[in-house]
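Novice: Dropping in start22.txt, which is compact mmCIF, C-alpha atoms and all ligand atoms:
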```txt
# COMPACT_ATOMS: atom_id res chain seq x y z
CA ARG A 892 -43.11 42.52 -27.74
CA LEU A 893 -40.79 39.93 -26.33
CA ASP A 894 -39.11 39.32 -29.69
CA GLU A 895 -38.06 42.98 -29.79
CA VAL A 896 -36.60 42.85 -26.30
CA VAL A 897 -34.62 39.71 -27.11
CA GLN A 898 -33.55 41.06 -30.49
CA LYS A 899 -32.35 44.36 -29.11
CA CYS A 900 -30.40 42.76 -26.33
CA THR A 901 -28.83 40.18 -28.61
CA GLN A 902 -27.73 42.93 -30.99
CA VAL A 903 -25.77 44.67 -28.27
CA PHE A 904 -24.10 41.42 -27.26
CA SER A 905 -23.28 40.50 -30.85
CA GLN A 906 -20.79 43.38 -30.87
CA LEU A 907 -19.13 42.05 -27.72
CA ALA A 908 -19.14 38.54 -29.20
CA ILE A 909 -17.27 39.75 -32.27
CA VAL A 910 -14.56 41.20 -30.06
CA LYS A 911 -14.24 37.88 -28.24
CA GLU A 912 -14.42 35.90 -31.48
CA ILE A 913 -17.52 34.05 -30.42
CA SER A 914 -20.22 33.46 -32.96
CA LEU A 915 -23.68 34.47 -31.84
CA GLU A 916 -26.60 32.90 -33.67
CA THR A 917 -30.24 33.69 -33.21
CA ALA A 918 -33.61 32.29 -34.17
CA ILE A 919 -36.24 34.71 -32.98
CA GLU A 920 -39.86 34.23 -33.95
CA GLU A 921 -41.94 37.35 -34.42
CA PRO A 922 -44.16 38.81 -33.33
CA LEU A 923 -44.19 37.43 -29.80
CA GLU A 924 -46.47 39.40 -27.58
CA ILE A 925 -46.49 38.76 -23.89
CA VAL A 926 -47.74 40.65 -20.88
CA GLY A 927 -44.71 41.56 -18.84
CA ASP A 928 -42.23 44.13 -17.69
CA GLY A 929 -40.03 44.95 -20.68
CA GLU A 930 -37.25 46.39 -18.56
CA ARG A 931 -37.05 43.34 -16.33
CA LEU A 932 -37.14 40.98 -19.30
CA HIS A 933 -34.33 42.98 -20.86
CA GLN A 934 -32.37 42.61 -17.63
CA LEU A 935 -33.02 38.86 -17.68
CA MET A 936 -31.56 38.61 -21.18
CA VAL A 937 -28.54 40.69 -20.18
CA ILE A 938 -27.81 38.34 -17.27
CA LEU A 939 -28.05 35.20 -19.41
CA LEU A 940 -26.11 36.62 -22.34
CA ASP A 941 -23.47 38.17 -20.12
CA ASN A 942 -22.86 34.80 -18.45
CA ALA A 943 -22.84 32.96 -21.77
CA LEU A 944 -20.21 35.34 -23.07
CA LYS A 945 -18.23 35.37 -19.85
CA TYR A 946 -18.01 31.57 -19.56
CA THR A 947 -17.37 30.79 -23.22
CA ASN A 948 -13.90 30.84 -24.68
CA LYS A 949 -12.71 32.34 -27.91
CA GLY A 950 -13.97 30.47 -30.94
CA GLY A 951 -17.12 29.27 -29.18
CA THR A 952 -20.76 29.67 -30.09
CA ILE A 953 -23.78 31.16 -28.42
CA PHE A 954 -27.24 30.36 -29.71
CA VAL A 955 -30.32 32.34 -28.72
CA SER A 956 -33.80 31.31 -29.71
CA CYS A 957 -37.19 32.60 -28.80
CA LYS A 958 -40.39 30.94 -29.93
CA LYS A 959 -43.96 30.04 -29.09
CA GLU A 960 -44.58 26.63 -27.59
CA GLY A 961 -48.24 26.01 -26.92
CA ASN A 962 -49.44 28.68 -24.51
CA ARG A 963 -45.91 29.63 -23.47
CA VAL A 964 -42.92 31.29 -25.05
CA ALA A 965 -39.57 29.62 -24.74
CA ILE A 966 -36.30 31.52 -24.63
CA LEU A 967 -33.18 29.45 -24.98
CA VAL A 968 -29.66 30.74 -24.37
CA LYS A 969 -27.16 28.05 -25.20
CA ASP A 970 -23.40 28.32 -25.13
CA SER A 971 -20.48 26.06 -25.96
CA GLY A 972 -18.57 27.28 -22.94
CA ILE A 973 -16.91 25.73 -19.93
CA GLY A 974 -20.10 24.28 -18.51
CA ILE A 975 -21.15 23.75 -14.91
CA SER A 976 -20.54 20.60 -12.90
CA LYS A 977 -23.48 18.53 -11.61
CA GLU A 978 -22.62 19.33 -8.01
CA ASN A 979 -23.01 23.03 -8.60
CA ILE A 980 -26.23 23.03 -10.59
CA PRO A 981 -28.62 22.83 -7.59
CA PHE A 982 -27.17 26.03 -6.11
CA LEU A 983 -26.89 28.15 -9.24
CA PHE A 984 -29.93 30.27 -8.57
CA ASP A 985 -28.96 30.95 -4.96
CA ARG A 986 -27.87 34.42 -4.06
CA PHE A 987 -24.13 35.06 -4.10
CA TYR A 988 -23.39 31.53 -5.27
CA ARG A 989 -20.46 31.28 -7.63
CA VAL A 990 -18.79 28.25 -9.09
CA ASP A 991 -15.47 29.70 -8.28
CA LYS A 992 -13.37 27.50 -6.12
CA MET A 993 -11.98 25.13 -8.72
CA ARG A 994 -11.86 27.65 -11.47
CA SER A 995 -8.64 29.41 -12.12
CA ARG A 996 -10.17 31.76 -14.64
CA ALA A 997 -10.30 35.28 -13.38
CA THR A 998 -13.93 36.01 -14.10
CA GLU A 999 -15.50 38.63 -11.97
CA GLY A 1000 -18.99 38.58 -10.63
CA THR A 1001 -21.12 38.84 -7.58
CA GLY A 1002 -23.06 35.62 -7.96
CA LEU A 1003 -26.26 37.65 -7.94
CA GLY A 1004 -27.06 37.47 -11.65
CA LEU A 1005 -28.88 34.17 -11.75
CA SER A 1006 -30.79 34.78 -8.53
CA ILE A 1007 -32.09 38.00 -10.07
CA ALA A 1008 -32.88 36.11 -13.28
CA LYS A 1009 -34.92 33.60 -11.30
CA TRP A 1010 -36.71 36.37 -9.45
CA ILE A 1011 -37.68 38.04 -12.74
CA VAL A 1012 -38.89 34.76 -14.22
CA ASP A 1013 -40.91 33.96 -11.08
CA ALA A 1014 -42.52 37.40 -11.19
CA HIS A 1015 -43.71 36.56 -14.71
CA HIS A 1016 -45.06 33.17 -13.58
CA GLY A 1017 -42.47 31.45 -15.70
CA LYS A 1018 -39.86 28.79 -15.23
CA ILE A 1019 -36.09 28.76 -15.67
CA THR A 1020 -34.10 25.58 -16.02
CA VAL A 1021 -30.50 24.82 -16.77
CA SER A 1022 -28.75 21.92 -18.37
CA SER A 1023 -25.02 21.79 -18.62
CA GLU A 1024 -22.11 19.54 -19.24
CA GLU A 1025 -18.64 20.42 -18.06
CA GLY A 1026 -16.36 21.30 -20.90
CA LYS A 1027 -19.20 21.22 -23.41
CA GLY A 1028 -21.52 24.06 -22.60
CA THR A 1029 -24.60 25.29 -20.86
CA SER A 1030 -28.22 25.95 -21.81
CA PHE A 1031 -30.64 28.11 -19.94
CA LEU A 1032 -34.28 27.67 -20.88
CA VAL A 1033 -36.88 30.20 -19.79
CA THR A 1034 -40.56 29.60 -20.42
CA LEU A 1035 -43.12 32.30 -19.86
CA PRO A 1036 -46.89 32.25 -20.26
CA TRP A 1037 -47.95 34.55 -23.08
CA LYS A 1038 -51.67 34.77 -22.48
P1 LIG B 1 -22.79 38.25 -11.89
O1 LIG B 1 -23.74 38.49 -10.79
O2 LIG B 1 -21.88 39.39 -12.16
O3 LIG B 1 -23.44 37.69 -13.14
P2 LIG B 1 -21.75 35.64 -11.58
O4 LIG B 1 -21.62 35.34 -13.04
O5 LIG B 1 -20.73 35.11 -10.68
O6 LIG B 1 -21.82 37.14 -11.34
P3 LIG B 1 -24.37 34.42 -11.60
O7 LIG B 1 -24.76 35.05 -12.86
O8 LIG B 1 -25.39 34.31 -10.53
O9 LIG B 1 -23.11 35.15 -10.99
O10 LIG B 1 -23.82 32.97 -11.89
C1 LIG B 1 -23.49 32.09 -10.82
C2 LIG B 1 -22.41 31.12 -11.24
O11 LIG B 1 -22.94 30.25 -12.25
C3 LIG B 1 -21.21 31.77 -11.89
O12 LIG B 1 -20.23 32.06 -10.95
C4 LIG B 1 -20.73 30.74 -12.88
O13 LIG B 1 -19.79 29.91 -12.28
C5 LIG B 1 -21.95 29.92 -13.19
N1 LIG B 1 -22.49 30.19 -14.55
C6 LIG B 1 -23.52 30.99 -14.86
N2 LIG B 1 -23.77 30.99 -16.18
C7 LIG B 1 -22.88 30.14 -16.74
C8 LIG B 1 -22.61 29.71 -18.08
N3 LIG B 1 -23.33 30.14 -19.11
N4 LIG B 1 -21.59 28.83 -18.26
C9 LIG B 1 -20.87 28.39 -17.20
N5 LIG B 1 -21.06 28.76 -15.93
C10 LIG B 1 -22.04 29.63 -15.68
```
Render the structure in this file as structure tokens.
Specialist:
Amino acid sequence: RLDEVVQKCTQVFSQLAIVKEISLETAIEEPLEIVGDGERLHQLMVILLDNALKYTNKGGTIFVSCKKEGNRVAILVKDSGIGISKENIPFLFDRFYRVDKMRSRATEGTGLGLSIAKWIVDAHHGKITVSSEEGKGTSFLVTLPWK
């Protein structure tokens, strides 16, 4: 049950969001049954939520939705954070790539998260796309086949 995986993961992060004064909203359709590896899908959610939280400042919002769209399920993780510049978007899913150079913020990371996320999505025959505007926020959209 994909909805349960997403729900559970979002619950954990909602505690962290409270601490950072970020509001976390969800719209999760249920039940959503897909054939997949629950542990990997959990890991995928952790990566996306961890980034959303990491790159969003105090007072921001994170929105997570999960719903059926035709013969796929769509998971959206949208934040009102610092965003990613156009130049960096093509490399985001590369291993060890980090949008670090021009950023003074001391965020830690290996740059592996999104490459692992892509690997998990690929293994489920899904797609992951990103849209982002600097200073406004970032959305990651994952679609997975459910039949
Ligand atoms: P980790 O492997 O610990 O997650 P990381 O966050 O550096 O480290 P990725 O998750 O692969 O690595 O992300 C790559 C880069 O993409 C990050 O360095 C960050 O600059 C950018 N990024 C990812 N998610 C977001 C987001 N939601 N908002 C803004 N920038 C992001």
Novice: Neighbouring residues of stretch 897-914 of chain A were defined as those with any atom within 6 Å, considering all atoms listed in the file; residues of the same chain fewer than 4 positions away were excluded. Please report them as a JSON list (two decimals) with C-alpha atoms, keeping the file's coordinate frame.
Specialist:
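Written output follows (out28.json):
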```json
[["chain", "number", "residue", "atom", "x", "y", "z"],
["A", 949, "LYS", "CA", -12.71, 32.34, -27.91],
["A", 950, "GLY", "CA", -13.97, 30.47, -30.94],
["A", 951, "GLY", "CA", -17.12, 29.27, -29.18],
["A", 952, "THR", "CA", -20.76, 29.67, -30.09]]
```
Novice: Write as a PyMOL selection string the residues around ligand LIG 1 (chain B), taking 8 Å as the cut-off and counting all atoms listed in the file.
Specialist: chain A and resi 938-947+969-970+972-975+983-991+998-1007+1023+1028-1031
Novice: Considering only C-alpha atoms, state which residue in the set A:Thr917, A:His933, A:Ala965, A:Glu924 is at the smallest distance from A:Ile953.
Specialist: A:Thr917
Novice: Given the choices A:Ser1022, A:Pro922, A:Lys1027, A:Pro1036, which gets closest to A:Pro981 if the distance is worked out from all atoms listed in the file?
Specialist: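 The answer is A:Ser1022, which sits nearest to A:Pro981.
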Novice: By how many Å are atom CA of A:Glu921 and atom CA of A:Lys958 apart?
Specialist: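 Rounded to one decimal, the two atoms are 8.0 Å apart.
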Novice: Take atom CA of A:Glu920 and atom CA of A:Asp894 and report the distance between them in Å, one decimal.
Specialist: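 One can read the atom CA of A:Glu920 to atom CA of A:Asp894 distance as 6.7 Å.
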Novice: Let me make sure I understand: among A:Trp1037, A:Phe954, A:Phe982, A:Trp1010, which one has the smallest atom-to-atom distance to A:Leu915 if we use only C-alpha atoms?
Specialist: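 So, comparing all the options, the nearest one is A:Phe954.
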Novice: Mind pulling up the distance from atom CA of A:Leu1035 to atom CA of A:His1016?
Specialist: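 Those two atoms sit 6.6 Å apart.
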Novice: Would you mind telling me which residue in A:Ile980, A:Leu935, A:Val896, A:Ile925 lies nearest to A:Ile1011 when using only C-alpha atoms?
Specialist: A:Leu935
Novice: Tell me which of A:Ile919, A:Glu978, A:Gly1026, A:Val926 sits closest to A:Asn948, counting all atoms listed in the file.
Specialist: A:Gly1026
Novice: Measuring atom to atom with only C-alpha atoms, identify which of A:Val1033, A:Ala918, A:Leu923, A:Cys957 is nearest to A:Asp1013.
Specialist: A:Val1033
Novice: For stretch 902-913 of chain A, supply all heavy atoms and report the output as a compact mmCIF listing (two decimals), in the coordinates of the input.
Specialist:
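Here's the written file selection_6.txt:
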```txt
# COMPACT_ATOMS: atom_id res chain seq x y z
N GLN A 902 -28.51 42.06 -30.10
CA GLN A 902 -27.73 42.93 -30.99
C GLN A 902 -26.56 43.56 -30.26
O GLN A 902 -25.44 43.61 -30.79
CB GLN A 902 -28.63 44.03 -31.54
CG GLN A 902 -28.92 43.85 -33.02
CD GLN A 902 -30.16 44.64 -33.42
OE1 GLN A 902 -30.42 45.72 -32.88
NE2 GLN A 902 -30.92 44.11 -34.36
N VAL A 903 -26.83 44.05 -29.06
CA VAL A 903 -25.77 44.67 -28.27
C VAL A 903 -24.66 43.65 -28.00
O VAL A 903 -23.47 43.93 -28.17
CB VAL A 903 -26.32 45.21 -26.93
CG1 VAL A 903 -25.20 45.73 -26.05
CG2 VAL A 903 -27.35 46.31 -27.19
N PHE A 904 -25.08 42.45 -27.59
CA PHE A 904 -24.10 41.42 -27.26
C PHE A 904 -23.35 40.89 -28.48
O PHE A 904 -22.25 40.38 -28.36
CB PHE A 904 -24.75 40.28 -26.47
CG PHE A 904 -24.83 40.60 -25.01
CD1 PHE A 904 -25.93 41.26 -24.50
CD2 PHE A 904 -23.79 40.27 -24.16
CE1 PHE A 904 -26.00 41.59 -23.16
CE2 PHE A 904 -23.84 40.59 -22.82
CZ PHE A 904 -24.96 41.25 -22.31
N SER A 905 -23.97 41.01 -29.66
CA SER A 905 -23.28 40.50 -30.85
C SER A 905 -22.01 41.29 -31.11
O SER A 905 -21.01 40.75 -31.59
CB SER A 905 -24.21 40.52 -32.06
OG SER A 905 -24.46 41.84 -32.46
N GLN A 906 -22.00 42.56 -30.74
CA GLN A 906 -20.79 43.38 -30.87
C GLN A 906 -19.69 42.85 -29.94
O GLN A 906 -18.54 42.72 -30.32
CB GLN A 906 -21.07 44.84 -30.52
CG GLN A 906 -22.14 45.50 -31.37
CD GLN A 906 -21.78 45.51 -32.83
OE1 GLN A 906 -20.65 45.82 -33.19
NE2 GLN A 906 -22.73 45.13 -33.69
N LEU A 907 -20.10 42.55 -28.69
CA LEU A 907 -19.13 42.05 -27.72
C LEU A 907 -18.62 40.67 -28.14
O LEU A 907 -17.46 40.34 -27.94
CB LEU A 907 -19.78 41.94 -26.33
CG LEU A 907 -20.33 43.25 -25.75
CD1 LEU A 907 -21.16 43.00 -24.51
CD2 LEU A 907 -19.18 44.20 -25.44
N ALA A 908 -19.52 39.88 -28.75
CA ALA A 908 -19.14 38.54 -29.20
C ALA A 908 -18.09 38.62 -30.29
O ALA A 908 -17.13 37.84 -30.31
CB ALA A 908 -20.37 37.78 -29.68
N ILE A 909 -18.24 39.59 -31.19
CA ILE A 909 -17.27 39.75 -32.27
C ILE A 909 -15.88 40.00 -31.69
O ILE A 909 -14.91 39.38 -32.08
CB ILE A 909 -17.68 40.91 -33.22
CG1 ILE A 909 -18.96 40.53 -33.98
CG2 ILE A 909 -16.54 41.25 -34.19
CD1 ILE A 909 -19.61 41.68 -34.73
N VAL A 910 -15.84 40.88 -30.70
CA VAL A 910 -14.56 41.20 -30.06
C VAL A 910 -13.93 39.95 -29.46
O VAL A 910 -12.73 39.74 -29.53
CB VAL A 910 -14.77 42.28 -28.95
CG1 VAL A 910 -13.47 42.55 -28.22
CG2 VAL A 910 -15.31 43.56 -29.56
N LYS A 911 -14.76 39.10 -28.89
CA LYS A 911 -14.24 37.88 -28.24
C LYS A 911 -14.14 36.69 -29.20
O LYS A 911 -13.85 35.57 -28.79
CB LYS A 911 -15.15 37.52 -27.06
CG LYS A 911 -14.37 37.02 -25.87
CD LYS A 911 -15.22 36.63 -24.69
CE LYS A 911 -14.52 35.52 -23.89
NZ LYS A 911 -15.34 35.02 -22.79
N GLU A 912 -14.44 36.94 -30.46
CA GLU A 912 -14.42 35.90 -31.48
C GLU A 912 -15.32 34.71 -31.15
O GLU A 912 -14.95 33.55 -31.26
CB GLU A 912 -12.98 35.43 -31.75
CG GLU A 912 -12.15 36.52 -32.45
CD GLU A 912 -10.70 36.10 -32.65
OE1 GLU A 912 -10.46 34.96 -33.04
OE2 GLU A 912 -9.82 36.96 -32.41
N ILE A 913 -16.51 35.07 -30.70
CA ILE A 913 -17.52 34.05 -30.42
C ILE A 913 -18.64 34.28 -31.42
O ILE A 913 -19.03 35.42 -31.67
CB ILE A 913 -18.04 34.19 -28.98
CG1 ILE A 913 -16.96 33.73 -28.00
CG2 ILE A 913 -19.34 33.43 -28.76
CD1 ILE A 913 -17.27 34.01 -26.56
```
